[in-house]
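**Q** Here it is: the structure, laid out below.
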Amino acid sequence: MKLPALRYVAPRTIEQACALLDADDDAKIVAGGQSLMPLLAIRLAIPSTLVDIGRIPGLDRIEEAGDYLRVGAMVTHERVITSPLVRERLPLMIEAGRNIAHVQIRSRGTIGGSIVHGDNAGEWPLALLTLGGAVEVQSVRGRRTIPAEELFLGPYMTSIRPDEILTDVWLPTHARGWSFHEVARRAGDYGLALVGVRLEFNANTCTAATITVGAAVGTLQRVTAAEEAVIGSDVDRDAARSAGEAAAASLSFISDIHGSREYRAHLVAGLVERAVADAGGRR
Ligand SMILES: Cc1cc2nc3c(=O)[nH]c(=O)nc-3n(C[C@H](O)[C@H](O)[C@H](O)COP(=O)(O)OP(=O)(O)OC[C@H]3O[C@@H](n4cnc5c(N)ncnc54)[C@H](O)[C@@H]3O)c2cc1C
């Protein structure tokens, strides 16, 4: 299908890109184009102008900054999962990102685009929420940082405003116990259920837990009931099973042609149990 007629601009600075968005409410950023271009083709989005941020220097770096990895918005999925620095400091990102589509899409799609797109089945959004990271955005009004907890508002909805450009993703590297589990019908398909876990320990006792679920629910989210089942325990098999049961009982699951509500609840119970046990084993 042909794209609608539109203007294309490729600014060389982030300030120019911000000014273009400020001047035209219907202008839209394009990064890897892997989600936006299909939307244009089926006319679900009809922007006046595409602002390509791919030629702005500095948006494609991965660097260590204290207890964080700072990943530029234009870093592709493939670069994240093949980065030795990410492998060493944040293996959860490798475990999550290798589930994203196929190598062709991973080589064009970007971490920034994936987070702004806000798909409830997106691996990067769930990894960001699990790790307790944040994103930095810029507009003509200046820069601001948005914690992951305040970012994902609903299916394809984030708190990033239409005139803001995501420039950097900040990922804390201090997690001790972590895991990421996903079930998809075929390798490379969007997952039917995604689960991320991050645990903190004092000796053998779990002192803090972040347990997240995506794809099986309308909005990717933390599962407080499952976290409460783990905190204060030594994360044994009973605690892992209780966390799985709590997740299945407390979430509101979606139902579609790929799987019923009951099937997804069953999947999430098993995935949370396994993911908690795995994370506990990595303390
Ligand atoms: C066949 C297929 C299978 C896929 N499977 C998966 C999968 O399993 N898991 C998964 O997570 N994803 C999957 N994707 C989506 C893919 O990961 C996309 O790359 C990603 O969702 C969007 O990144 P992008 O760089 O291509 O963004 P684009 O398509 O360029 O943009 C997406 C949206 O984000 C906005 N945007 C992009 N970058 C910025 C920025 N820096 N600041 C502000 N706004 C911005 C755009 O305006 C647009 O609204 C799949 C895509 C395809 C085509």
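Just so we're on the same page: first chain in the structure tokens is A, next is B, and so on; residues restart at 1 for each chain, and ligands are numbered from 1 in the order they show up.
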Kindly compile the residues surrounding ligand 1 within 7 Å, counting only C-alpha atoms and all ligand atoms, and format them as a ChimeraX atom specification.
**A** /A:28-37,73-74,99-101,105-106,108-114,116-117,121-124,164-167,188-191
**Q** Could you write out, as a short mmCIF file (atom, residue, chain, number, x, y, z; two decimals) with all heavy atoms, in the first residue's frame, all the residues of range 48-272 of chain A that DSSP marks as strand (DSSP E)?
**A**
```
data_model
loop_
_atom_site.label_atom_id
_atom_site.label_comp_id
_atom_site.auth_asym_id
_atom_site.auth_seq_id
_atom_site.Cartn_x
_atom_site.Cartn_y
_atom_site.Cartn_z
N THR A 49 4.23 15.87 8.36
CA THR A 49 5.68 15.86 8.16
C THR A 49 6.30 14.73 8.97
O THR A 49 5.92 14.52 10.12
CB THR A 49 6.30 17.19 8.67
OG1 THR A 49 5.61 18.27 8.05
CG2 THR A 49 7.78 17.27 8.38
N LEU A 50 7.25 14.03 8.37
CA LEU A 50 8.04 13.06 9.13
C LEU A 50 9.37 13.71 9.48
O LEU A 50 10.09 14.17 8.59
CB LEU A 50 8.30 11.80 8.30
CG LEU A 50 7.17 10.80 8.15
CD1 LEU A 50 7.67 9.55 7.45
CD2 LEU A 50 6.56 10.44 9.51
N VAL A 51 9.68 13.75 10.76
CA VAL A 51 10.94 14.33 11.23
C VAL A 51 11.88 13.17 11.57
O VAL A 51 11.72 12.51 12.61
CB VAL A 51 10.70 15.24 12.46
CG1 VAL A 51 12.03 15.84 12.93
CG2 VAL A 51 9.69 16.32 12.14
N ASP A 52 12.82 12.91 10.69
CA ASP A 52 13.74 11.76 10.85
C ASP A 52 14.89 12.18 11.78
O ASP A 52 15.66 13.07 11.45
CB ASP A 52 14.27 11.38 9.46
CG ASP A 52 15.14 10.14 9.49
OD1 ASP A 52 15.56 9.73 10.60
OD2 ASP A 52 15.41 9.60 8.41
N ILE A 62 25.94 3.96 23.61
CA ILE A 62 25.65 3.16 24.81
C ILE A 62 26.83 3.40 25.73
O ILE A 62 27.98 3.12 25.35
CB ILE A 62 25.58 1.65 24.49
CG1 ILE A 62 24.54 1.36 23.41
CG2 ILE A 62 25.27 0.86 25.76
CD1 ILE A 62 24.44 -0.12 23.03
N GLU A 63 26.59 3.96 26.91
CA GLU A 63 27.73 4.23 27.79
C GLU A 63 27.36 4.02 29.25
O GLU A 63 26.19 4.10 29.62
CB GLU A 63 28.26 5.65 27.56
CG GLU A 63 27.26 6.73 27.85
CD GLU A 63 27.71 8.12 27.40
OE1 GLU A 63 28.61 8.21 26.54
OE2 GLU A 63 27.15 9.10 27.91
N GLU A 64 28.40 3.77 30.05
CA GLU A 64 28.20 3.57 31.47
C GLU A 64 28.27 4.93 32.16
O GLU A 64 29.16 5.73 31.85
CB GLU A 64 29.29 2.64 32.01
CG GLU A 64 28.92 2.03 33.32
CD GLU A 64 29.73 0.76 33.58
OE1 GLU A 64 30.71 0.50 32.87
OE2 GLU A 64 29.35 0.05 34.52
N ALA A 65 27.34 5.21 33.06
CA ALA A 65 27.35 6.47 33.80
C ALA A 65 27.00 6.14 35.25
O ALA A 65 25.83 6.02 35.61
CB ALA A 65 26.33 7.44 33.20
N TYR A 68 24.38 3.43 36.22
CA TYR A 68 23.41 3.33 35.12
C TYR A 68 24.10 3.01 33.80
O TYR A 68 25.27 3.33 33.62
CB TYR A 68 22.69 4.68 34.94
CG TYR A 68 21.71 5.00 36.03
CD1 TYR A 68 22.14 5.57 37.23
CD2 TYR A 68 20.36 4.73 35.88
CE1 TYR A 68 21.24 5.86 38.25
CE2 TYR A 68 19.46 5.02 36.89
CZ TYR A 68 19.90 5.58 38.07
OH TYR A 68 19.01 5.87 39.07
N LEU A 69 23.33 2.42 32.90
CA LEU A 69 23.71 2.44 31.49
C LEU A 69 22.82 3.49 30.84
O LEU A 69 21.61 3.53 31.08
CB LEU A 69 23.45 1.10 30.81
CG LEU A 69 24.48 -0.01 31.00
CD1 LEU A 69 24.19 -1.13 30.01
CD2 LEU A 69 25.90 0.48 30.83
N ARG A 70 23.47 4.34 30.03
CA ARG A 70 22.72 5.36 29.30
C ARG A 70 22.68 4.91 27.85
O ARG A 70 23.73 4.74 27.21
CB ARG A 70 23.46 6.68 29.44
CG ARG A 70 22.87 7.81 28.66
CD ARG A 70 23.80 9.00 28.79
NE ARG A 70 23.19 10.18 28.22
CZ ARG A 70 23.67 11.39 28.37
NH1 ARG A 70 24.76 11.59 29.09
NH2 ARG A 70 23.09 12.42 27.81
N VAL A 71 21.49 4.69 27.34
CA VAL A 71 21.34 4.17 25.97
C VAL A 71 20.62 5.23 25.15
O VAL A 71 19.50 5.65 25.49
CB VAL A 71 20.54 2.84 25.96
CG1 VAL A 71 20.46 2.28 24.55
CG2 VAL A 71 21.18 1.82 26.90
N GLY A 72 21.24 5.67 24.06
CA GLY A 72 20.64 6.69 23.20
C GLY A 72 19.40 6.16 22.50
O GLY A 72 19.30 4.97 22.18
N ALA A 134 14.44 5.07 33.65
CA ALA A 134 13.78 6.34 33.34
C ALA A 134 14.15 6.75 31.92
O ALA A 134 15.11 6.22 31.35
CB ALA A 134 14.24 7.42 34.33
N VAL A 135 13.38 7.68 31.36
CA VAL A 135 13.75 8.22 30.05
C VAL A 135 13.91 9.72 30.16
O VAL A 135 13.27 10.37 31.00
CB VAL A 135 12.70 7.89 28.95
CG1 VAL A 135 12.62 6.39 28.72
CG2 VAL A 135 11.33 8.47 29.28
N GLU A 136 14.78 10.26 29.31
CA GLU A 136 14.98 11.70 29.26
C GLU A 136 14.40 12.20 27.95
O GLU A 136 14.67 11.61 26.89
CB GLU A 136 16.49 11.96 29.29
CG GLU A 136 16.87 13.18 30.08
CD GLU A 136 18.38 13.27 30.22
OE1 GLU A 136 19.04 12.22 30.43
OE2 GLU A 136 18.88 14.39 30.11
N VAL A 137 13.59 13.24 28.02
CA VAL A 137 12.97 13.76 26.81
C VAL A 137 13.29 15.24 26.67
O VAL A 137 13.58 15.93 27.65
CB VAL A 137 11.43 13.55 26.82
CG1 VAL A 137 11.08 12.07 26.85
CG2 VAL A 137 10.77 14.29 27.97
N GLN A 138 13.23 15.73 25.43
CA GLN A 138 13.54 17.14 25.17
C GLN A 138 12.47 17.75 24.27
O GLN A 138 11.95 17.08 23.37
CB GLN A 138 14.92 17.26 24.51
CG GLN A 138 15.36 18.70 24.31
CD GLN A 138 16.85 18.81 24.00
OE1 GLN A 138 17.62 17.92 24.33
NE2 GLN A 138 17.24 19.92 23.39
N SER A 139 12.17 19.03 24.53
CA SER A 139 11.25 19.79 23.66
C SER A 139 11.74 21.23 23.68
O SER A 139 12.75 21.54 24.33
CB SER A 139 9.81 19.71 24.19
OG SER A 139 9.72 20.45 25.39
N GLY A 142 12.51 22.58 27.10
CA GLY A 142 13.67 22.09 27.86
C GLY A 142 13.66 20.59 27.98
O GLY A 142 12.99 19.90 27.20
N ARG A 143 14.41 20.09 28.99
CA ARG A 143 14.52 18.63 29.16
C ARG A 143 13.81 18.22 30.43
O ARG A 143 13.72 18.99 31.39
CB ARG A 143 16.00 18.22 29.27
CG ARG A 143 16.75 18.37 27.97
CD ARG A 143 18.21 18.03 28.13
NE ARG A 143 18.47 16.60 28.18
CZ ARG A 143 18.50 15.80 27.12
NH1 ARG A 143 18.25 16.29 25.92
NH2 ARG A 143 18.76 14.52 27.24
N ARG A 144 13.29 16.98 30.46
CA ARG A 144 12.77 16.42 31.72
C ARG A 144 13.01 14.92 31.72
O ARG A 144 13.19 14.30 30.66
CB ARG A 144 11.30 16.77 31.94
CG ARG A 144 10.34 16.13 30.97
CD ARG A 144 8.89 16.54 31.29
NE ARG A 144 7.98 15.89 30.34
CZ ARG A 144 6.98 15.09 30.68
NH1 ARG A 144 6.72 14.83 31.94
NH2 ARG A 144 6.20 14.53 29.76
N THR A 145 13.00 14.37 32.94
CA THR A 145 13.21 12.94 33.11
C THR A 145 11.90 12.32 33.58
O THR A 145 11.26 12.85 34.49
CB THR A 145 14.33 12.70 34.16
OG1 THR A 145 15.51 13.33 33.67
CG2 THR A 145 14.60 11.22 34.35
N ILE A 146 11.51 11.22 32.96
CA ILE A 146 10.26 10.55 33.35
C ILE A 146 10.60 9.15 33.85
O ILE A 146 11.12 8.32 33.09
CB ILE A 146 9.28 10.43 32.15
CG1 ILE A 146 9.13 11.78 31.44
CG2 ILE A 146 7.93 9.89 32.61
CD1 ILE A 146 8.33 11.69 30.14
N PRO A 147 10.31 8.85 35.13
CA PRO A 147 10.55 7.49 35.63
C PRO A 147 9.62 6.50 34.93
O PRO A 147 8.48 6.86 34.59
CB PRO A 147 10.21 7.58 37.12
CG PRO A 147 9.99 9.02 37.42
CD PRO A 147 9.73 9.73 36.14
N PHE A 152 4.03 4.53 31.32
CA PHE A 152 3.10 3.73 30.52
C PHE A 152 1.68 3.86 31.06
O PHE A 152 1.37 3.36 32.13
CB PHE A 152 3.56 2.27 30.48
CG PHE A 152 4.96 2.16 29.94
CD1 PHE A 152 6.03 1.86 30.78
CD2 PHE A 152 5.22 2.41 28.60
CE1 PHE A 152 7.33 1.80 30.29
CE2 PHE A 152 6.51 2.36 28.09
CZ PHE A 152 7.57 2.05 28.94
N LEU A 153 0.84 4.56 30.30
CA LEU A 153 -0.49 4.93 30.80
C LEU A 153 -1.58 3.98 30.31
O LEU A 153 -2.64 3.88 30.92
CB LEU A 153 -0.84 6.35 30.35
CG LEU A 153 0.18 7.44 30.72
CD1 LEU A 153 -0.29 8.79 30.20
CD2 LEU A 153 0.37 7.50 32.24
N GLY A 154 -1.35 3.31 29.20
CA GLY A 154 -2.36 2.43 28.61
C GLY A 154 -1.82 1.87 27.32
O GLY A 154 -0.67 2.14 26.97
N MET A 157 -0.05 4.18 24.88
CA MET A 157 -0.15 5.52 25.47
C MET A 157 0.94 5.70 26.51
O MET A 157 1.05 4.90 27.44
CB MET A 157 -1.51 5.69 26.16
CG MET A 157 -2.57 6.24 25.25
SD MET A 157 -4.01 6.72 26.21
CE MET A 157 -4.51 5.19 26.91
N THR A 158 1.72 6.78 26.33
CA THR A 158 2.74 7.10 27.34
C THR A 158 2.55 8.54 27.78
O THR A 158 1.78 9.29 27.17
CB THR A 158 4.17 6.95 26.77
OG1 THR A 158 4.40 8.02 25.85
CG2 THR A 158 4.40 5.62 26.09
N ILE A 165 10.82 14.76 22.39
CA ILE A 165 11.65 13.73 21.75
C ILE A 165 12.40 12.97 22.83
O ILE A 165 13.06 13.58 23.69
CB ILE A 165 12.66 14.36 20.77
CG1 ILE A 165 11.90 15.14 19.68
CG2 ILE A 165 13.55 13.29 20.14
CD1 ILE A 165 12.79 15.90 18.73
N LEU A 166 12.26 11.66 22.82
CA LEU A 166 13.02 10.84 23.77
C LEU A 166 14.47 10.82 23.28
O LEU A 166 14.73 10.50 22.12
CB LEU A 166 12.44 9.43 23.81
CG LEU A 166 12.93 8.47 24.90
CD1 LEU A 166 11.93 7.35 25.11
CD2 LEU A 166 14.29 7.90 24.62
N THR A 167 15.39 11.21 24.16
CA THR A 167 16.81 11.25 23.74
C THR A 167 17.62 10.13 24.38
O THR A 167 18.51 9.58 23.76
CB THR A 167 17.46 12.60 24.09
OG1 THR A 167 17.33 12.81 25.51
CG2 THR A 167 16.81 13.74 23.33
N ASP A 168 17.33 9.81 25.66
CA ASP A 168 18.16 8.83 26.38
C ASP A 168 17.30 7.93 27.25
O ASP A 168 16.29 8.37 27.81
CB ASP A 168 19.16 9.54 27.30
CG ASP A 168 20.13 10.39 26.52
OD1 ASP A 168 21.07 9.83 25.93
OD2 ASP A 168 19.93 11.62 26.48
N VAL A 169 17.76 6.69 27.38
CA VAL A 169 17.12 5.73 28.28
C VAL A 169 18.14 5.43 29.38
O VAL A 169 19.29 5.08 29.09
CB VAL A 169 16.76 4.44 27.52
CG1 VAL A 169 16.05 3.45 28.43
CG2 VAL A 169 15.91 4.75 26.29
N TRP A 170 17.72 5.58 30.63
CA TRP A 170 18.61 5.35 31.78
C TRP A 170 18.21 4.04 32.46
O TRP A 170 17.08 3.89 32.92
CB TRP A 170 18.50 6.52 32.77
CG TRP A 170 19.11 7.78 32.24
CD1 TRP A 170 18.50 8.72 31.46
CD2 TRP A 170 20.46 8.23 32.42
NE1 TRP A 170 19.39 9.73 31.15
CE2 TRP A 170 20.59 9.46 31.72
CE3 TRP A 170 21.58 7.72 33.09
CZ2 TRP A 170 21.78 10.18 31.69
CZ3 TRP A 170 22.76 8.44 33.07
CH2 TRP A 170 22.86 9.65 32.38
N LEU A 171 19.16 3.13 32.52
CA LEU A 171 18.87 1.80 33.07
C LEU A 171 19.79 1.51 34.25
O LEU A 171 21.02 1.42 34.08
CB LEU A 171 19.10 0.74 31.98
CG LEU A 171 18.26 0.91 30.71
CD1 LEU A 171 18.80 0.04 29.58
CD2 LEU A 171 16.80 0.55 30.99
N PRO A 172 19.22 1.36 35.47
CA PRO A 172 20.06 1.06 36.63
C PRO A 172 20.70 -0.32 36.52
O PRO A 172 20.06 -1.26 36.04
CB PRO A 172 19.09 1.10 37.81
CG PRO A 172 17.77 1.46 37.28
CD PRO A 172 17.80 1.42 35.79
N GLY A 177 19.12 -9.96 41.79
CA GLY A 177 18.37 -11.10 41.25
C GLY A 177 17.46 -10.61 40.14
O GLY A 177 16.67 -9.70 40.34
N TRP A 178 17.55 -11.19 38.96
CA TRP A 178 16.74 -10.71 37.84
C TRP A 178 16.33 -11.88 36.96
O TRP A 178 16.99 -12.93 36.95
CB TRP A 178 17.54 -9.70 36.98
CG TRP A 178 18.75 -10.34 36.37
CD1 TRP A 178 19.99 -10.38 36.93
CD2 TRP A 178 18.83 -11.08 35.15
NE1 TRP A 178 20.84 -11.09 36.12
CE2 TRP A 178 20.15 -11.53 35.01
CE3 TRP A 178 17.91 -11.40 34.14
CZ2 TRP A 178 20.58 -12.29 33.93
CZ3 TRP A 178 18.33 -12.16 33.06
CH2 TRP A 178 19.66 -12.58 32.96
N SER A 179 15.27 -11.70 36.19
CA SER A 179 14.94 -12.67 35.13
C SER A 179 13.91 -12.06 34.19
O SER A 179 13.23 -11.08 34.54
CB SER A 179 14.42 -13.99 35.71
OG SER A 179 13.19 -13.77 36.33
N PHE A 180 13.82 -12.61 33.00
CA PHE A 180 12.84 -12.17 32.01
C PHE A 180 12.34 -13.41 31.28
O PHE A 180 13.14 -14.16 30.73
CB PHE A 180 13.47 -11.19 31.01
CG PHE A 180 12.47 -10.53 30.10
CD1 PHE A 180 12.00 -9.25 30.39
CD2 PHE A 180 11.98 -11.18 28.98
CE1 PHE A 180 11.06 -8.65 29.57
CE2 PHE A 180 11.04 -10.59 28.16
CZ PHE A 180 10.59 -9.31 28.45
N HIS A 181 11.04 -13.65 31.31
CA HIS A 181 10.47 -14.83 30.65
C HIS A 181 9.36 -14.41 29.69
O HIS A 181 8.62 -13.48 29.98
CB HIS A 181 9.90 -15.80 31.69
CG HIS A 181 10.96 -16.61 32.37
ND1 HIS A 181 11.05 -17.96 32.25
CD2 HIS A 181 11.97 -16.24 33.18
CE1 HIS A 181 12.08 -18.41 32.95
NE2 HIS A 181 12.65 -17.38 33.54
N GLU A 182 9.26 -15.13 28.59
CA GLU A 182 8.24 -14.79 27.60
C GLU A 182 7.73 -16.06 26.93
O GLU A 182 8.50 -16.99 26.69
CB GLU A 182 8.86 -13.86 26.54
CG GLU A 182 7.95 -13.59 25.37
CD GLU A 182 8.44 -12.45 24.47
OE1 GLU A 182 9.27 -11.64 24.91
OE2 GLU A 182 7.96 -12.39 23.33
N VAL A 183 6.43 -16.07 26.62
CA VAL A 183 5.88 -17.15 25.80
C VAL A 183 5.29 -16.54 24.54
O VAL A 183 4.48 -15.61 24.62
CB VAL A 183 4.79 -17.94 26.56
CG1 VAL A 183 4.04 -18.87 25.60
CG2 VAL A 183 5.40 -18.76 27.68
N ALA A 193 2.55 -13.58 26.63
CA ALA A 193 2.75 -13.13 28.02
C ALA A 193 4.24 -12.88 28.23
O ALA A 193 5.08 -13.65 27.77
CB ALA A 193 2.25 -14.18 29.00
N LEU A 194 4.55 -11.76 28.90
CA LEU A 194 5.94 -11.39 29.22
C LEU A 194 6.00 -11.15 30.73
O LEU A 194 5.07 -10.53 31.28
CB LEU A 194 6.31 -10.07 28.56
CG LEU A 194 6.76 -9.96 27.11
CD1 LEU A 194 5.76 -10.57 26.16
CD2 LEU A 194 7.00 -8.50 26.75
N VAL A 195 7.06 -11.61 31.35
CA VAL A 195 7.22 -11.37 32.79
C VAL A 195 8.66 -10.94 33.08
O VAL A 195 9.61 -11.58 32.60
CB VAL A 195 6.89 -12.65 33.61
CG1 VAL A 195 7.28 -12.47 35.07
CG2 VAL A 195 5.41 -12.99 33.50
N GLY A 196 8.81 -9.87 33.83
CA GLY A 196 10.14 -9.43 34.28
C GLY A 196 10.19 -9.44 35.79
O GLY A 196 9.20 -9.14 36.46
N VAL A 197 11.37 -9.79 36.34
CA VAL A 197 11.51 -9.82 37.81
C VAL A 197 12.85 -9.20 38.20
O VAL A 197 13.87 -9.45 37.56
CB VAL A 197 11.45 -11.28 38.36
CG1 VAL A 197 11.74 -11.30 39.86
CG2 VAL A 197 10.09 -11.89 38.08
N ARG A 198 12.81 -8.37 39.24
CA ARG A 198 14.05 -7.84 39.83
C ARG A 198 13.90 -7.93 41.35
O ARG A 198 12.90 -7.47 41.91
CB ARG A 198 14.24 -6.38 39.42
CG ARG A 198 15.46 -5.72 40.05
CD ARG A 198 15.73 -4.38 39.40
NE ARG A 198 14.61 -3.46 39.55
CZ ARG A 198 14.54 -2.51 40.47
NH1 ARG A 198 15.51 -2.36 41.36
NH2 ARG A 198 13.50 -1.71 40.54
N LEU A 199 14.87 -8.56 42.00
CA LEU A 199 14.80 -8.75 43.45
C LEU A 199 16.03 -8.16 44.12
O LEU A 199 17.13 -8.20 43.56
CB LEU A 199 14.73 -10.25 43.78
CG LEU A 199 13.63 -11.08 43.12
CD1 LEU A 199 13.78 -12.55 43.48
CD2 LEU A 199 12.25 -10.57 43.53
N GLU A 200 15.83 -7.61 45.32
CA GLU A 200 16.95 -7.16 46.15
C GLU A 200 16.97 -8.03 47.40
O GLU A 200 15.91 -8.45 47.89
CB GLU A 200 16.78 -5.69 46.57
CG GLU A 200 16.56 -4.72 45.42
CD GLU A 200 17.78 -4.57 44.52
OE1 GLU A 200 18.90 -4.83 45.00
OE2 GLU A 200 17.60 -4.23 43.34
N PHE A 201 18.17 -8.28 47.92
CA PHE A 201 18.29 -9.17 49.08
C PHE A 201 19.11 -8.53 50.18
O PHE A 201 20.04 -7.76 49.92
CB PHE A 201 18.99 -10.48 48.67
CG PHE A 201 18.14 -11.34 47.79
CD1 PHE A 201 18.22 -11.24 46.41
CD2 PHE A 201 17.26 -12.26 48.34
CE1 PHE A 201 17.43 -12.02 45.59
CE2 PHE A 201 16.47 -13.05 47.52
CZ PHE A 201 16.56 -12.93 46.15
N ASN A 202 18.78 -8.90 51.43
CA ASN A 202 19.66 -8.66 52.56
C ASN A 202 19.98 -10.05 53.09
O ASN A 202 19.08 -10.73 53.59
CB ASN A 202 18.96 -7.80 53.61
CG ASN A 202 19.89 -7.47 54.77
OD1 ASN A 202 21.04 -7.95 54.80
ND2 ASN A 202 19.42 -6.67 55.69
N THR A 205 17.28 -12.87 52.63
CA THR A 205 15.89 -12.40 52.66
C THR A 205 15.64 -11.37 51.57
O THR A 205 16.43 -10.42 51.42
CB THR A 205 15.57 -11.79 54.05
OG1 THR A 205 15.87 -12.78 55.03
CG2 THR A 205 14.11 -11.38 54.15
N CYS A 206 14.55 -11.55 50.85
CA CYS A 206 14.20 -10.60 49.79
C CYS A 206 13.65 -9.32 50.44
O CYS A 206 12.67 -9.37 51.18
CB CYS A 206 13.15 -11.22 48.87
SG CYS A 206 12.57 -10.09 47.62
N THR A 207 14.29 -8.19 50.15
CA THR A 207 13.87 -6.93 50.78
C THR A 207 13.07 -6.05 49.83
O THR A 207 12.37 -5.14 50.27
CB THR A 207 15.10 -6.14 51.25
OG1 THR A 207 16.01 -6.03 50.15
CG2 THR A 207 15.80 -6.85 52.41
N ALA A 208 13.18 -6.28 48.55
CA ALA A 208 12.41 -5.48 47.57
C ALA A 208 12.21 -6.32 46.32
O ALA A 208 13.08 -7.11 45.95
CB ALA A 208 13.16 -4.20 47.23
N ALA A 209 11.05 -6.14 45.70
CA ALA A 209 10.76 -6.93 44.49
C ALA A 209 10.01 -6.07 43.48
O ALA A 209 9.16 -5.27 43.85
CB ALA A 209 9.91 -8.15 44.86
N THR A 210 10.38 -6.23 42.23
CA THR A 210 9.60 -5.65 41.14
C THR A 210 9.22 -6.80 40.22
O THR A 210 10.11 -7.49 39.70
CB THR A 210 10.42 -4.61 40.35
OG1 THR A 210 10.88 -3.62 41.25
CG2 THR A 210 9.58 -3.95 39.27
N ILE A 211 7.93 -7.04 40.08
CA ILE A 211 7.45 -8.12 39.20
C ILE A 211 6.51 -7.47 38.20
O ILE A 211 5.54 -6.79 38.58
CB ILE A 211 6.75 -9.23 40.01
CG1 ILE A 211 7.74 -9.84 41.02
CG2 ILE A 211 6.19 -10.30 39.07
CD1 ILE A 211 7.16 -10.90 41.93
N THR A 212 6.82 -7.62 36.91
CA THR A 212 6.04 -6.93 35.88
C THR A 212 5.45 -7.93 34.89
O THR A 212 6.03 -8.98 34.64
CB THR A 212 6.94 -5.95 35.11
OG1 THR A 212 8.01 -6.69 34.51
CG2 THR A 212 7.51 -4.88 36.01
N VAL A 213 4.30 -7.55 34.34
CA VAL A 213 3.65 -8.41 33.35
C VAL A 213 3.24 -7.56 32.14
O VAL A 213 2.72 -6.45 32.30
CB VAL A 213 2.41 -9.11 33.96
CG1 VAL A 213 1.58 -9.81 32.87
CG2 VAL A 213 2.83 -10.13 35.01
N GLY A 214 3.51 -8.07 30.95
CA GLY A 214 3.08 -7.41 29.72
C GLY A 214 2.40 -8.40 28.80
O GLY A 214 2.43 -9.61 29.03
N GLN A 221 2.38 -3.64 33.42
CA GLN A 221 2.28 -3.12 34.78
C GLN A 221 3.06 -3.94 35.80
O GLN A 221 3.41 -5.09 35.55
CB GLN A 221 0.81 -3.09 35.21
CG GLN A 221 0.14 -4.45 35.16
CD GLN A 221 -1.37 -4.34 35.27
OE1 GLN A 221 -1.90 -4.28 36.36
NE2 GLN A 221 -2.05 -4.32 34.13
N ARG A 222 3.30 -3.32 36.95
CA ARG A 222 3.84 -4.05 38.10
C ARG A 222 2.70 -4.81 38.75
O ARG A 222 1.55 -4.39 38.70
CB ARG A 222 4.43 -3.07 39.13
CG ARG A 222 5.78 -2.55 38.74
CD ARG A 222 6.32 -1.60 39.78
NE ARG A 222 6.72 -2.28 41.02
CZ ARG A 222 7.46 -1.71 41.95
NH1 ARG A 222 7.86 -0.47 41.81
NH2 ARG A 222 7.79 -2.38 43.05
#
```
**Q** Neighbouring residues of Ala249 in chain A were defined as those with any atom within 12 Å, considering only C-alpha atoms; residues of the same chain fewer than 2 positions away were excluded. Please report them as a list in words.
**A**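 Surrounding residues, per the criterion: Val223, Thr224, Ala225, Ala226, Ser242, Ala243, Gly244, Glu245, Ala246, Ala247, Leu251, Ser252, Phe253, Arg261, Glu262, Arg264, Ala265, His266, Val268 and Ala269 of chain A.
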**Q** Just checking: using only C-alpha atoms, which residue out of A:Lys2, A:Leu85, A:Val80, A:Asn204 ends up closest to Asp60 in chain A?
**A**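 Under the stated criterion, the closest residue is A:Val80.
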**Q** By how many Å are CA of Gly280 in chain A and CA of Arg98 in chain A apart?
**A** 22.0 Å
**Q** List as number ranges by chain the protein and nucleic acid residues near range 3-10 of chain A, meaning an atom at most 12 Å away when only C-alpha atoms are counted, but skip any in the same chain fewer than 2 places from it.
**A** A: 1, 12-14, 16-18, 20-21, 24, 26-31, 36-57
**Q** Just to confirm, what's the straight-line distance from CA of Gly118 in chain A to CA of Tyr156 in chain A in Å (one decimal)?
**A**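 Atom-to-atom, CA of Gly118 in chain A to CA of Tyr156 in chain A, that is 4.4 Å.
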**Q** For a quick check of understanding, using only C-alpha atoms, which of A:Ala248, A:His258, A:Arg241, A:Asp234 has the smallest distance to Glu273 in chain A?
**A**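 Of A:Ala248, A:His258, A:Arg241, A:Asp234, the one nearest Glu273 in chain A, counting only C-alpha atoms, is A:Arg241.
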**Q** Considering only C-alpha atoms, can you say which of A:Thr76, A:Gln104, A:Thr130, A:Thr173 comes closest to Pro91 in chain A?
**A**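 Smallest distance to Pro91 in chain A is found for A:Thr173.
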**Q** So, with only C-alpha atoms as the atoms that count, which of A:Leu59, A:Ile160, A:Val230, A:Ala203 lies closest to Ala277 in chain A?
**A** A:Val230
**Q** When you draw a straight line from CA of Asp67 in chain A to CA of Arg176 in chain A, how long is it in Å?
**A**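 Value for the CA of Asp67 in chain A-CA of Arg176 in chain A distance: 12.8 Å.
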